[in-house]
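> The following file, structure_13.cif, comprises mmCIF, C-alpha atoms:
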```
data_work
#
loop_
_atom_site.group_PDB
_atom_site.id
_atom_site.type_symbol
_atom_site.label_atom_id
_atom_site.label_comp_id
_atom_site.auth_asym_id
_atom_site.auth_seq_id
_atom_site.Cartn_x
_atom_site.Cartn_y
_atom_site.Cartn_z
ATOM 1 C CA MET A 1 103.417 141.262 41.661
ATOM 2 C CA GLU A 2 105.565 140.066 44.560
ATOM 3 C CA ASN A 3 109.219 139.452 43.906
ATOM 4 C CA GLU A 4 110.417 136.030 42.863
ATOM 5 C CA GLU A 5 111.957 135.301 46.253
ATOM 6 C CA GLN A 6 108.620 135.787 48.045
ATOM 7 C CA ASN A 7 106.000 134.492 45.656
ATOM 8 C CA PRO A 8 103.265 132.782 47.700
ATOM 9 C CA VAL A 9 101.171 132.070 44.620
ATOM 10 C CA ARG A 10 103.961 130.018 43.072
ATOM 11 C CA GLY A 11 104.861 128.358 46.355
ATOM 12 C CA GLY A 12 101.277 127.504 47.201
ATOM 13 C CA ILE A 13 100.167 126.118 43.857
ATOM 14 C CA LEU A 14 103.369 124.196 43.166
ATOM 15 C CA GLY A 15 103.393 123.011 46.761
ATOM 16 C CA LEU A 16 99.894 121.611 46.364
ATOM 17 C CA VAL A 17 100.607 119.906 43.032
ATOM 18 C CA VAL A 18 103.846 118.309 44.226
ATOM 19 C CA GLY A 19 102.213 117.071 47.433
ATOM 20 C CA ASP A 20 99.376 115.577 45.404
ATOM 21 C CA ALA A 21 101.813 113.818 43.045
ATOM 22 C CA LEU A 22 103.778 112.386 45.957
ATOM 23 C CA GLY A 23 100.602 110.878 47.348
ATOM 24 C CA VAL A 24 98.988 109.514 44.187
ATOM 25 C CA PRO A 25 100.949 106.214 44.098
ATOM 26 C CA VAL A 26 100.026 105.405 47.705
ATOM 27 C CA GLU A 27 96.440 106.640 47.897
ATOM 28 C CA SER A 28 94.421 104.234 50.087
ATOM 29 C CA VAL A 29 97.569 102.549 51.429
ATOM 30 C CA SER A 30 97.418 102.092 55.183
ATOM 31 C CA ARG A 31 99.576 103.965 57.666
ATOM 32 C CA GLU A 32 100.925 100.668 58.909
ATOM 33 C CA ALA A 33 102.086 99.661 55.424
ATOM 34 C CA LEU A 34 103.762 103.028 54.954
ATOM 35 C CA ARG A 35 105.603 102.650 58.250
ATOM 36 C CA ARG A 36 107.171 99.517 56.788
ATOM 37 C CA GLU A 37 107.937 101.187 53.441
ATOM 38 C CA PRO A 38 107.649 104.972 53.799
ATOM 39 C CA VAL A 39 107.523 107.358 50.888
ATOM 40 C CA THR A 40 110.790 109.313 50.743
ATOM 41 C CA GLY A 41 110.501 110.855 47.272
ATOM 42 C CA MET A 42 108.578 110.844 44.015
ATOM 43 C CA ARG A 43 107.325 107.376 43.147
ATOM 44 C CA GLY A 44 105.432 106.036 40.180
ATOM 45 C CA TYR A 45 102.679 103.536 39.447
ATOM 46 C CA GLY A 46 101.214 102.119 42.659
ATOM 47 C CA THR A 47 97.495 102.686 43.265
ATOM 48 C CA TYR A 48 96.596 104.133 39.852
ATOM 49 C CA HIS A 49 99.540 102.825 37.820
ATOM 50 C CA GLN A 50 100.535 106.358 36.824
ATOM 51 C CA PRO A 51 104.100 107.475 36.057
ATOM 52 C CA PRO A 52 106.054 109.525 38.617
ATOM 53 C CA GLY A 53 104.975 113.148 38.894
ATOM 54 C CA THR A 54 101.338 112.487 38.021
ATOM 55 C CA TRP A 55 98.832 114.658 39.845
ATOM 56 C CA SER A 56 95.176 113.912 40.436
ATOM 57 C CA ASP A 57 91.822 115.617 40.882
ATOM 58 C CA ASP A 58 93.143 117.694 43.808
ATOM 59 C CA SER A 59 95.496 119.567 41.497
ATOM 60 C CA SER A 60 93.196 119.501 38.480
ATOM 61 C CA LEU A 61 90.345 121.217 40.312
ATOM 62 C CA THR A 62 92.730 123.685 41.953
ATOM 63 C CA LEU A 63 94.149 124.592 38.551
ATOM 64 C CA CYS A 64 90.626 124.859 37.103
ATOM 65 C CA THR A 65 89.732 127.271 39.916
ATOM 66 C CA ALA A 66 92.842 129.386 39.369
ATOM 67 C CA ASP A 67 92.276 129.395 35.621
ATOM 68 C CA ALA A 68 88.700 130.632 36.064
ATOM 69 C CA LEU A 69 89.729 133.292 38.581
ATOM 70 C CA CYS A 70 92.166 134.741 36.050
ATOM 71 C CA GLU A 71 89.058 136.229 34.426
ATOM 72 C CA GLY A 72 87.660 137.471 37.755
ATOM 73 C CA TYR A 73 85.399 135.950 40.357
ATOM 74 C CA ALA A 74 82.424 134.104 38.907
ATOM 75 C CA PRO A 75 81.427 130.771 40.470
ATOM 76 C CA GLU A 76 79.573 129.752 37.335
ATOM 77 C CA ARG A 77 82.856 130.050 35.402
ATOM 78 C CA ILE A 78 84.615 127.864 37.966
ATOM 79 C CA ALA A 79 81.793 125.343 37.610
ATOM 80 C CA ARG A 80 82.213 125.302 33.819
ATOM 81 C CA ARG A 81 85.930 124.612 34.224
ATOM 82 C CA PHE A 82 85.061 121.613 36.406
ATOM 83 C CA VAL A 83 82.796 120.273 33.670
ATOM 84 C CA ASP A 84 85.566 120.833 31.118
ATOM 85 C CA TRP A 85 87.875 118.781 33.340
ATOM 86 C CA LEU A 86 85.627 115.798 34.039
ATOM 87 C CA TYR A 87 84.079 115.570 30.577
ATOM 88 C CA GLY A 88 86.790 117.123 28.424
ATOM 89 C CA ASN A 89 90.002 116.175 30.271
ATOM 90 C CA ALA A 90 91.018 119.832 30.732
ATOM 91 C CA TRP A 91 93.763 120.378 33.309
ATOM 92 C CA THR A 92 94.695 116.714 33.563
ATOM 93 C CA ALA A 93 98.224 115.431 33.960
ATOM 94 C CA HIS A 94 98.213 113.116 30.926
ATOM 95 C CA GLY A 95 94.965 113.860 29.084
ATOM 96 C CA ASP A 96 92.615 111.682 31.092
ATOM 97 C CA VAL A 97 90.770 111.722 34.425
ATOM 98 C CA PHE A 98 91.756 108.746 36.564
ATOM 99 C CA ASP A 99 90.620 109.846 40.027
ATOM 100 C CA VAL A 100 87.504 111.709 41.107
ATOM 101 C CA GLY A 101 85.584 111.684 44.380
ATOM 102 C CA ILE A 102 82.010 110.438 44.302
ATOM 103 C CA THR A 103 80.496 113.659 45.685
ATOM 104 C CA SER A 104 82.424 115.810 43.207
ATOM 105 C CA ALA A 105 81.606 113.516 40.264
ATOM 106 C CA GLU A 106 77.899 113.571 41.064
ATOM 107 C CA ALA A 107 77.845 117.360 41.437
ATOM 108 C CA ILE A 108 79.761 117.938 38.205
ATOM 109 C CA GLY A 109 77.415 115.503 36.503
ATOM 110 C CA ARG A 110 74.512 117.679 37.602
ATOM 111 C CA LEU A 111 76.337 120.737 36.233
ATOM 112 C CA GLN A 112 76.790 118.948 32.913
ATOM 113 C CA HIS A 113 73.036 118.359 32.795
ATOM 114 C CA GLY A 114 72.235 122.024 33.324
ATOM 115 C CA VAL A 115 71.793 122.298 37.085
ATOM 116 C CA PRO A 116 73.063 125.754 38.158
ATOM 117 C CA HIS A 117 76.232 125.946 40.243
ATOM 118 C CA HIS A 118 74.404 127.038 43.396
ATOM 119 C CA ARG A 119 72.234 123.905 43.359
ATOM 120 C CA ALA A 120 74.713 121.295 42.159
ATOM 121 C CA GLY A 121 76.626 120.450 45.321
ATOM 122 C CA ALA A 122 75.449 117.834 47.803
ATOM 123 C CA SER A 123 74.316 119.284 51.125
ATOM 124 C CA GLY A 124 73.829 116.210 53.295
ATOM 125 C CA GLU A 125 75.792 115.553 56.462
ATOM 126 C CA PHE A 126 77.495 112.572 54.828
ATOM 127 C CA SER A 127 78.682 114.698 51.889
ATOM 128 C CA ASN A 128 81.531 116.273 53.856
ATOM 129 C CA GLY A 129 84.462 114.757 52.064
ATOM 130 C CA ASN A 130 87.525 116.893 51.379
ATOM 131 C CA GLY A 131 86.657 117.569 47.737
ATOM 132 C CA SER A 132 86.158 121.325 48.123
ATOM 133 C CA LEU A 133 88.917 121.844 50.697
ATOM 134 C CA MET A 134 91.515 120.295 48.401
ATOM 135 C CA ARG A 135 90.817 122.886 45.648
ATOM 136 C CA ILE A 136 90.043 126.069 47.624
ATOM 137 C CA LEU A 137 93.588 127.503 47.843
ATOM 138 C CA PRO A 138 93.251 129.948 44.904
ATOM 139 C CA MET A 139 90.471 131.689 46.820
ATOM 140 C CA ALA A 140 93.010 132.645 49.506
ATOM 141 C CA PHE A 141 95.011 134.569 46.921
ATOM 142 C CA TYR A 142 91.864 136.119 45.470
ATOM 143 C CA LEU A 143 90.507 137.255 48.852
ATOM 144 C CA ARG A 144 93.565 138.063 50.947
ATOM 145 C CA HIS A 145 93.515 141.834 50.387
ATOM 146 C CA ASN A 146 89.741 142.109 50.875
ATOM 147 C CA ASP A 147 87.899 142.760 54.123
ATOM 148 C CA ARG A 148 87.875 139.462 56.037
ATOM 149 C CA ALA A 149 84.290 140.041 57.106
ATOM 150 C CA GLY A 150 83.256 139.400 53.503
ATOM 151 C CA TRP A 151 85.178 136.179 52.905
ATOM 152 C CA PHE A 152 82.631 133.607 53.991
ATOM 153 C CA GLU A 153 80.047 133.983 51.234
ATOM 154 C CA PRO A 154 82.386 133.633 48.243
ATOM 155 C CA VAL A 155 84.219 130.749 49.926
ATOM 156 C CA ARG A 156 80.896 129.083 50.621
ATOM 157 C CA GLU A 157 79.768 129.636 47.022
ATOM 158 C CA VAL A 158 82.891 128.004 45.609
ATOM 159 C CA SER A 159 82.742 125.098 48.056
ATOM 160 C CA ALA A 160 79.060 124.548 47.276
ATOM 161 C CA ILE A 161 79.702 123.868 43.593
ATOM 162 C CA THR A 162 80.412 120.317 44.747
ATOM 163 C CA HIS A 163 80.145 120.348 48.566
ATOM 164 C CA ALA A 164 77.294 122.492 49.874
ATOM 165 C CA HIS A 165 77.158 121.425 53.522
ATOM 166 C CA LEU A 166 78.053 124.167 56.009
ATOM 167 C CA ARG A 167 80.870 122.084 57.510
ATOM 168 C CA SER A 168 82.738 121.877 54.222
ATOM 169 C CA ALA A 169 82.359 125.615 53.684
ATOM 170 C CA LEU A 170 83.672 126.339 57.176
ATOM 171 C CA ALA A 171 86.678 124.056 56.672
ATOM 172 C CA CYS A 172 87.440 125.916 53.452
ATOM 173 C CA LEU A 173 87.091 129.254 55.242
ATOM 174 C CA TYR A 174 89.523 128.213 57.970
ATOM 175 C CA TYR A 175 92.060 127.064 55.390
ATOM 176 C CA VAL A 176 91.733 130.305 53.419
ATOM 177 C CA HIS A 177 92.408 132.317 56.590
ATOM 178 C CA PHE A 178 95.451 130.205 57.408
ATOM 179 C CA ALA A 179 96.868 130.482 53.885
ATOM 180 C CA ALA A 180 96.286 134.243 53.836
ATOM 181 C CA HIS A 181 98.212 134.711 57.086
ATOM 182 C CA LEU A 182 101.095 132.708 55.643
ATOM 183 C CA CYS A 183 100.977 134.898 52.513
ATOM 184 C CA ALA A 184 101.299 137.953 54.761
ATOM 185 C CA GLY A 185 104.525 136.550 56.209
ATOM 186 C CA ALA A 186 103.301 134.922 59.413
ATOM 187 C CA ALA A 187 105.186 131.852 60.617
ATOM 188 C CA PRO A 188 102.998 128.723 60.826
ATOM 189 C CA GLU A 189 102.558 128.997 64.604
ATOM 190 C CA ALA A 190 101.472 132.635 64.333
ATOM 191 C CA ALA A 191 99.203 131.833 61.381
ATOM 192 C CA TYR A 192 97.558 129.162 63.522
ATOM 193 C CA ARG A 193 96.835 131.570 66.388
ATOM 194 C CA ARG A 194 95.552 134.306 64.085
ATOM 195 C CA SER A 195 93.419 131.918 62.055
ATOM 196 C CA ASN A 196 91.759 130.678 65.227
ATOM 197 C CA GLU A 197 90.925 134.262 66.170
ATOM 198 C CA ASP A 198 89.594 135.059 62.693
ATOM 199 C CA PHE A 199 87.580 131.864 62.503
ATOM 200 C CA GLN A 200 85.988 132.312 65.913
ATOM 201 C CA ALA A 201 85.023 135.855 64.900
ATOM 202 C CA ALA A 202 83.479 134.470 61.706
ATOM 203 C CA LEU A 203 81.507 131.874 63.672
ATOM 204 C CA ARG A 204 80.003 134.681 65.750
ATOM 205 C CA ARG A 205 79.455 137.002 62.785
ATOM 206 C CA HIS A 206 77.543 134.395 60.818
ATOM 207 C CA ASP A 207 75.676 132.854 63.769
ATOM 208 C CA ILE A 208 77.098 129.412 63.092
ATOM 209 C CA PRO A 209 75.257 126.800 65.181
ATOM 210 C CA GLY A 210 77.244 125.439 68.088
ATOM 211 C CA ASP A 211 76.901 121.842 66.942
ATOM 212 C CA GLU A 212 78.688 122.728 63.678
ATOM 213 C CA ALA A 213 81.328 124.856 65.365
ATOM 214 C CA ALA A 214 82.049 121.922 67.692
ATOM 215 C CA HIS A 215 83.521 119.932 64.807
ATOM 216 C CA PHE A 216 86.435 122.406 64.801
ATOM 217 C CA SER A 217 87.062 122.232 68.553
ATOM 218 C CA ARG A 218 90.370 120.337 68.363
ATOM 219 C CA ILE A 219 91.745 123.035 66.077
ATOM 220 C CA LEU A 220 90.248 125.959 67.988
ATOM 221 C CA ASP A 221 91.524 124.635 71.323
ATOM 222 C CA GLY A 222 94.914 125.776 70.073
ATOM 223 C CA GLY A 223 96.618 122.441 70.565
ATOM 224 C CA ILE A 224 96.295 120.534 67.301
ATOM 225 C CA ASP A 225 100.087 120.455 67.107
ATOM 226 C CA ARG A 226 100.329 118.788 70.523
ATOM 227 C CA LEU A 227 98.344 115.731 69.493
ATOM 228 C CA ALA A 228 100.179 112.469 68.891
ATOM 229 C CA GLU A 229 100.218 110.973 65.418
ATOM 230 C CA HIS A 230 97.806 108.211 66.458
ATOM 231 C CA ASP A 231 95.265 110.924 67.321
ATOM 232 C CA ILE A 232 95.404 112.316 63.780
ATOM 233 C CA SER A 233 93.203 110.683 61.144
ATOM 234 C CA SER A 234 93.896 110.874 57.419
ATOM 235 C CA THR A 235 90.661 109.752 55.849
ATOM 236 C CA GLY A 236 88.807 111.729 53.207
ATOM 237 C CA TYR A 237 86.544 113.414 55.786
ATOM 238 C CA VAL A 238 87.005 117.177 55.511
ATOM 239 C CA ILE A 239 87.725 117.739 59.214
ATOM 240 C CA HIS A 240 90.315 114.960 59.245
ATOM 241 C CA THR A 241 92.085 116.447 56.225
ATOM 242 C CA LEU A 242 92.109 119.939 57.691
ATOM 243 C CA GLU A 243 93.406 118.726 61.058
ATOM 244 C CA ALA A 244 96.048 116.494 59.465
ATOM 245 C CA SER A 245 97.338 119.229 57.157
ATOM 246 C CA LEU A 246 97.739 121.666 60.046
ATOM 247 C CA TRP A 247 99.365 119.002 62.194
ATOM 248 C CA CYS A 248 101.898 118.136 59.485
ATOM 249 C CA LEU A 249 102.802 121.775 58.862
ATOM 250 C CA LEU A 250 103.134 122.630 62.552
ATOM 251 C CA HIS A 251 105.415 119.623 63.088
ATOM 252 C CA ALA A 252 107.764 120.499 60.239
ATOM 253 C CA THR A 253 110.610 122.861 59.481
ATOM 254 C CA SER A 254 110.587 122.470 55.684
ATOM 255 C CA TYR A 255 108.366 121.764 52.717
ATOM 256 C CA ARG A 256 109.875 118.281 52.319
ATOM 257 C CA GLU A 257 109.196 117.348 55.923
ATOM 258 C CA THR A 258 105.611 118.622 55.782
ATOM 259 C CA VAL A 259 104.522 116.680 52.727
ATOM 260 C CA LEU A 260 106.352 113.479 53.600
ATOM 261 C CA ARG A 261 104.639 113.510 56.995
ATOM 262 C CA ALA A 262 101.330 113.994 55.226
ATOM 263 C CA VAL A 263 101.831 111.260 52.628
ATOM 264 C CA ASN A 264 103.018 108.759 55.213
ATOM 265 C CA LEU A 265 99.893 109.232 57.306
ATOM 266 C CA GLY A 266 98.382 107.014 54.623
ATOM 267 C CA HIS A 267 94.795 106.479 53.493
ATOM 268 C CA ASP A 268 93.797 109.662 51.571
ATOM 269 C CA ALA A 269 97.478 110.402 51.097
ATOM 270 C CA ASP A 270 97.287 112.561 47.981
ATOM 271 C CA SER A 271 94.652 114.926 49.328
ATOM 272 C CA THR A 272 96.269 115.265 52.755
ATOM 273 C CA ALA A 273 99.609 116.024 51.106
ATOM 274 C CA ALA A 274 98.029 118.427 48.612
ATOM 275 C CA VAL A 275 96.242 120.414 51.324
ATOM 276 C CA ALA A 276 99.325 120.417 53.568
ATOM 277 C CA GLY A 277 101.619 121.069 50.610
ATOM 278 C CA GLY A 278 99.750 124.194 49.594
ATOM 279 C CA LEU A 279 100.345 125.682 53.036
ATOM 280 C CA ALA A 280 103.940 124.476 53.202
ATOM 281 C CA GLY A 281 104.758 125.918 49.793
ATOM 282 C CA ILE A 282 103.662 129.324 51.031
ATOM 283 C CA ALA A 283 105.246 128.987 54.473
ATOM 284 C CA PHE A 284 108.671 127.787 53.338
ATOM 285 C CA GLY A 285 108.718 129.276 49.839
ATOM 286 C CA HIS A 286 108.779 127.749 46.392
ATOM 287 C CA ARG A 287 112.567 127.436 46.505
ATOM 288 C CA ASP A 288 112.209 124.954 49.374
ATOM 289 C CA ILE A 289 110.321 122.504 47.145
ATOM 290 C CA PRO A 290 112.927 119.901 46.089
ATOM 291 C CA GLU A 291 114.016 120.466 42.514
ATOM 292 C CA GLU A 292 114.196 116.738 41.836
ATOM 293 C CA TRP A 293 110.491 116.474 42.662
ATOM 294 C CA LEU A 294 109.480 119.507 40.629
ATOM 295 C CA ALA A 295 111.405 118.259 37.605
ATOM 296 C CA GLN A 296 109.189 115.171 37.461
ATOM 297 C CA ILE A 297 105.832 116.978 37.598
ATOM 298 C CA ALA A 298 103.704 116.267 34.546
ATOM 299 C CA GLY A 299 102.884 119.344 32.472
ATOM 300 C CA LEU A 300 105.031 121.626 34.611
ATOM 301 C CA ASP A 301 105.341 124.234 31.853
ATOM 302 C CA ARG A 302 101.541 124.520 31.615
ATOM 303 C CA ILE A 303 101.257 124.885 35.365
ATOM 304 C CA GLU A 304 103.988 127.512 35.488
ATOM 305 C CA ALA A 305 102.272 129.480 32.714
ATOM 306 C CA LEU A 306 99.013 129.461 34.675
ATOM 307 C CA ILE A 307 100.834 130.503 37.856
ATOM 308 C CA ALA A 308 102.378 133.444 35.997
ATOM 309 C CA ARG A 309 98.993 134.517 34.624
ATOM 310 C CA PHE A 310 97.228 134.075 37.952
ATOM 311 C CA GLY A 311 100.067 135.748 39.830
ATOM 312 C CA GLU A 312 99.895 138.826 37.636
ATOM 313 C CA LYS A 313 96.338 139.332 38.860
ATOM 314 C CA TYR A 314 96.518 138.132 42.468
ATOM 315 C CA GLY A 315 100.189 137.923 43.423
ATOM 316 C CA GLY A 316 100.678 141.499 44.569
#
```
As structure tokens, please, write out the structure in this file.

Amino acid sequence: MENEEQNPVRGGILGLVVGDALGVPVESVSREALRREPVTGMRGYGTYHQPPGTWSDDSSLTLCTADALCEGYAPERIARRFVDWLYGNAWTAHGDVFDVGITSAEAIGRLQHGVPHHRAGASGEFSNGNGSLMRILPMAFYLRHNDRAGWFEPVREVSAITHAHLRSALACLYYVHFAAHLCAGAAPEAAYRRSNEDFQAALRRHDIPGDEAAHFSRILDGGIDRLAEHDISSTGYVIHTLEASLWCLLHATSYRETVLRAVNLGHDADSTAAVAGGLAGIAFGHRDIPEEWLAQIAGLDRIEALIARFGEKYGG
């Protein structure tokens, strides 16, 4: 296991959960409203009337994925954990599910009724929300020491439990590459360059159609960080969330700055901040996450215990 000072598993998972919790009270709030009253720290209540430090489905499904991976890679086990969450309140902040995306809820409902994991996820063009991207981070830790040429299929399998369209799988693959480069010690700018190279190689290797690859053009052009804020969208569309998370990280010099940028983009604030926060927690380290935010996280001891268990298997 990596030493405590350089523990990307802890930084990434805590970074995701804290980002999610920062965004929960302002989910669906407009960017304009947040310009007038920006989030500067951990709030409570708001959109879902939850106490400060409450995390949502982004964290729950990430923790379910990590929990399942502690026993090795098996997508059917991950799928069962998702059912345990939605129907049994496993890995919830306060013992109940208060937020779940429509595409994820429908897929998990199919799982509950016996549909196998590889047939449960929606595959239509309009089923490309960020519901698999927001939970894919544990796969970066699982895969990072494996041959990159073999990453796409397991990432696609895990995405497809709820989101089976190729675009969602590709967004997850890009994010996994980026997170893995950060785990290896690359600075965000270097991770961006290397991820573009890896992703373009994967597009060629897997004969990805040009019309699908084109959805990633603003990232692959190498200038996502040069776009103005008004050119960055923060809806629940998977490409928007991926672009926004990269933009926030590449415009920041700390964990705090990354996630506050993400939250204050508004709209799908919790998911944008969770996805960006996972990267920022790795890039800047778990010690850069403000202690006053961590102290308010619901069920922190449970999360830390899972991180320790998961890190023993995938932290080295």
> What's the 10 Å shell around Gln50 in chain A, counting all atoms listed in the file, without same-chain residues fewer than 3 positions away, as an MDAnalysis selection string?
chainID A and resid 21 24:25 43:47 53:56 93:94 98
> So, with all atoms listed in the file as the atoms that count, which of A:His118, A:Arg144, A:His230, A:Arg110 lies closest to Ser159 in chain A?
A:His118
> Find the residues of range 32-137 of chain A that sit at most 12 Å from range 3-19 of chain A; for each, write down the nearest two atoms and how far apart they are in Å, to one decimal. Count all atoms listed in the file. Sort by chain, then by number going up, and give it as CSV.

```
residue,atom,partner,partner_atom,distance
A:Val39,CA,A:Gly19,CA,11.6
A:Gly41,CA,A:Gly19,CA,10.4
A:Met42,CA,A:Val18,CA,8.8
A:Arg43,CA,A:Val18,CA,11.5
A:Pro52,CA,A:Val18,CA,10.7
A:Gly53,CA,A:Val18,CA,7.5
A:Thr54,CA,A:Val18,CA,8.9
A:Trp55,CA,A:Val17,CA,6.4
A:Ser56,CA,A:Val17,CA,8.5
A:Asp57,CA,A:Val17,CA,10.0
A:Asp58,CA,A:Val17,CA,7.8
A:Ser59,CA,A:Val17,CA,5.3
A:Ser60,CA,A:Val17,CA,8.7
A:Leu61,CA,A:Val17,CA,10.7
A:Thr62,CA,A:Ile13,CA,8.1
A:Leu63,CA,A:Ile13,CA,8.2
A:Cys64,CA,A:Ile13,CA,11.8
A:Thr65,CA,A:Ile13,CA,11.2
A:Ala66,CA,A:Ile13,CA,9.2
A:Asp67,CA,A:Ile13,CA,11.9
A:Trp91,CA,A:Val17,CA,11.9
A:Thr92,CA,A:Val17,CA,11.6
A:Ala93,CA,A:Val17,CA,10.4
A:Leu133,CA,A:Leu16,CA,11.8
A:Met134,CA,A:Leu16,CA,8.7
A:Arg135,CA,A:Leu16,CA,9.2
A:Ile136,CA,A:Ile13,CA,10.8
A:Leu137,CA,A:Gly12,CA,7.7
```
> If we count only C-alpha atoms, what is near range 146-152 of chain A at a cut-off of 9 Å, once residues fewer than 3 positions away on the same chain are taken out, given as a PDB file with C-alpha atoms, keeping the file's coordinate frame?

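This went into out-v1.pdb:
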```pdb
ATOM      1  CA  TYR A 142      91.864 136.119  45.470  1.00  0.00           C
ATOM      2  CA  LEU A 143      90.507 137.255  48.852  1.00  0.00           C
ATOM      3  CA  VAL A 155      84.219 130.749  49.926  1.00  0.00           C
ATOM      4  CA  ARG A 156      80.896 129.083  50.621  1.00  0.00           C
ATOM      5  CA  GLU A 157      79.768 129.636  47.022  1.00  0.00           C
ATOM      6  CA  ALA A 169      82.359 125.615  53.684  1.00  0.00           C
ATOM      7  CA  LEU A 170      83.672 126.339  57.176  1.00  0.00           C
ATOM      8  CA  LEU A 173      87.091 129.254  55.242  1.00  0.00           C
ATOM      9  CA  VAL A 176      91.733 130.305  53.419  1.00  0.00           C
ATOM     10  CA  HIS A 177      92.408 132.317  56.590  1.00  0.00           C
ATOM     11  CA  ASP A 198      89.594 135.059  62.693  1.00  0.00           C
ATOM     12  CA  ALA A 201      85.023 135.855  64.900  1.00  0.00           C
ATOM     13  CA  ALA A 202      83.479 134.470  61.706  1.00  0.00           C
ATOM     14  CA  ARG A 205      79.455 137.002  62.785  1.00  0.00           C
ATOM     15  CA  HIS A 206      77.543 134.395  60.818  1.00  0.00           C
TER      16      HIS A 206
END
```
> Just to confirm, what's the straight-line distance from CA of Ile224 in chain A to CA of Ala244 in chain A in Å (one decimal)?
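Between CA of Ile224 in chain A and CA of Ala244 in chain A the gap is 8.8 Å.
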> Identify which of the residues A:Leu227, A:Val238, A:Ala90, A:Cys172 lies closest to Arg302 in chain A, counting only C-alpha atoms when measuring atom-to-atom distances.
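Answer, going by the shortest atom-to-atom distance: A:Ala90.
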> Out of A:Gly23, A:Pro188, A:Pro138, A:Gly266, which residue has the shortest atom-to-atom distance to Leu69 in chain A when counting only C-alpha atoms?
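The answer is A:Pro138, which sits nearest to Leu69 in chain A.
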> Would you pick out the contacts of Ala228 in chain A at 12 Å or less, using only C-alpha atoms, so that residues sharing its chain but fewer than 4 positions from it are not included, and give the list as a PyMOL selection string?
chain A and resi 223-224+232-233+244+247-248+251
> Just to confirm, what's the straight-line distance from CA of Tyr175 in chain A to CA of Val100 in chain A in Å (one decimal)?
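Calculated distance between CA of Tyr175 in chain A and CA of Val100 in chain A is 21.5 Å.
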> Kindly indicate which residue among A:Ser245, A:Thr272, A:Ser254, A:Asn89 lies nearest to Arg287 in chain A, using only C-alpha atoms for the distances.
A:Ser254
> What is the distance between CA of Ile282 in chain A and CA of Asp301 in chain A, in Å to one decimal?
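That distance, rounded to one decimal, is 19.9 Å.
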> For this structure, which residues satisfy the selection - the PyMOL selection byres ((chain A and resi 196) around 10) - when it is evaluated on the file as given? I want them as a ChimeraX atom specification.
/A:174,177-178,190-195,197-202,216,219-222
> List as a compact mmCIF listing (two decimals) with C-alpha atoms, in the frame of the given file the protein and nucleic acid residues near Tyr237 in chain A, meaning an atom at most 9 Å away when all atoms listed in the file are counted, but skip any in the same chain fewer than 5 places from it.

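File part.txt, as written:
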```txt
# COMPACT_ATOMS: atom_id res chain seq x y z
CA SER A 127 78.68 114.70 51.89
CA ASN A 128 81.53 116.27 53.86
CA GLY A 129 84.46 114.76 52.06
CA ASN A 130 87.52 116.89 51.38
CA LEU A 242 92.11 119.94 57.69
```
> Which polymer residues, protein or nucleic acid, are no farther than 12 Å from (107.6, 124.4, 56.7), counting all atoms listed in the file, as JSON, numbers by chain?
{"A": [11, 12, 15, 182, 186, 187, 188, 189, 245, 246, 247, 248, 249, 250, 251, 252, 253, 254, 255, 256, 257, 258, 259, 260, 261, 276, 277, 278, 279, 280, 281, 282, 283, 284, 285, 286, 287, 288, 289]}
> Of the candidates A:Asp207, A:Glu243, A:Glu312, A:Glu229, which one gets nearest to Leu265 in chain A if we count only C-alpha atoms?
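Of the candidates, the smallest distance to Leu265 in chain A is held by A:Glu229.
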> My list of candidates is A:Val97, A:Gly124, A:Pro51, A:His267. Which is closest to Leu34 in chain A when distances are computed with all atoms listed in the file?
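Closest to Leu34 in chain A of all the choices is A:His267.
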> Arg80 in chain A: which residues within 10 Å, counting only C-alpha atoms, same-chain residues fewer than 2 positions away excluded, as an MDAnalysis selection string?
chainID A and resid 64:65 68 75:78 82:85 108 111:112 117
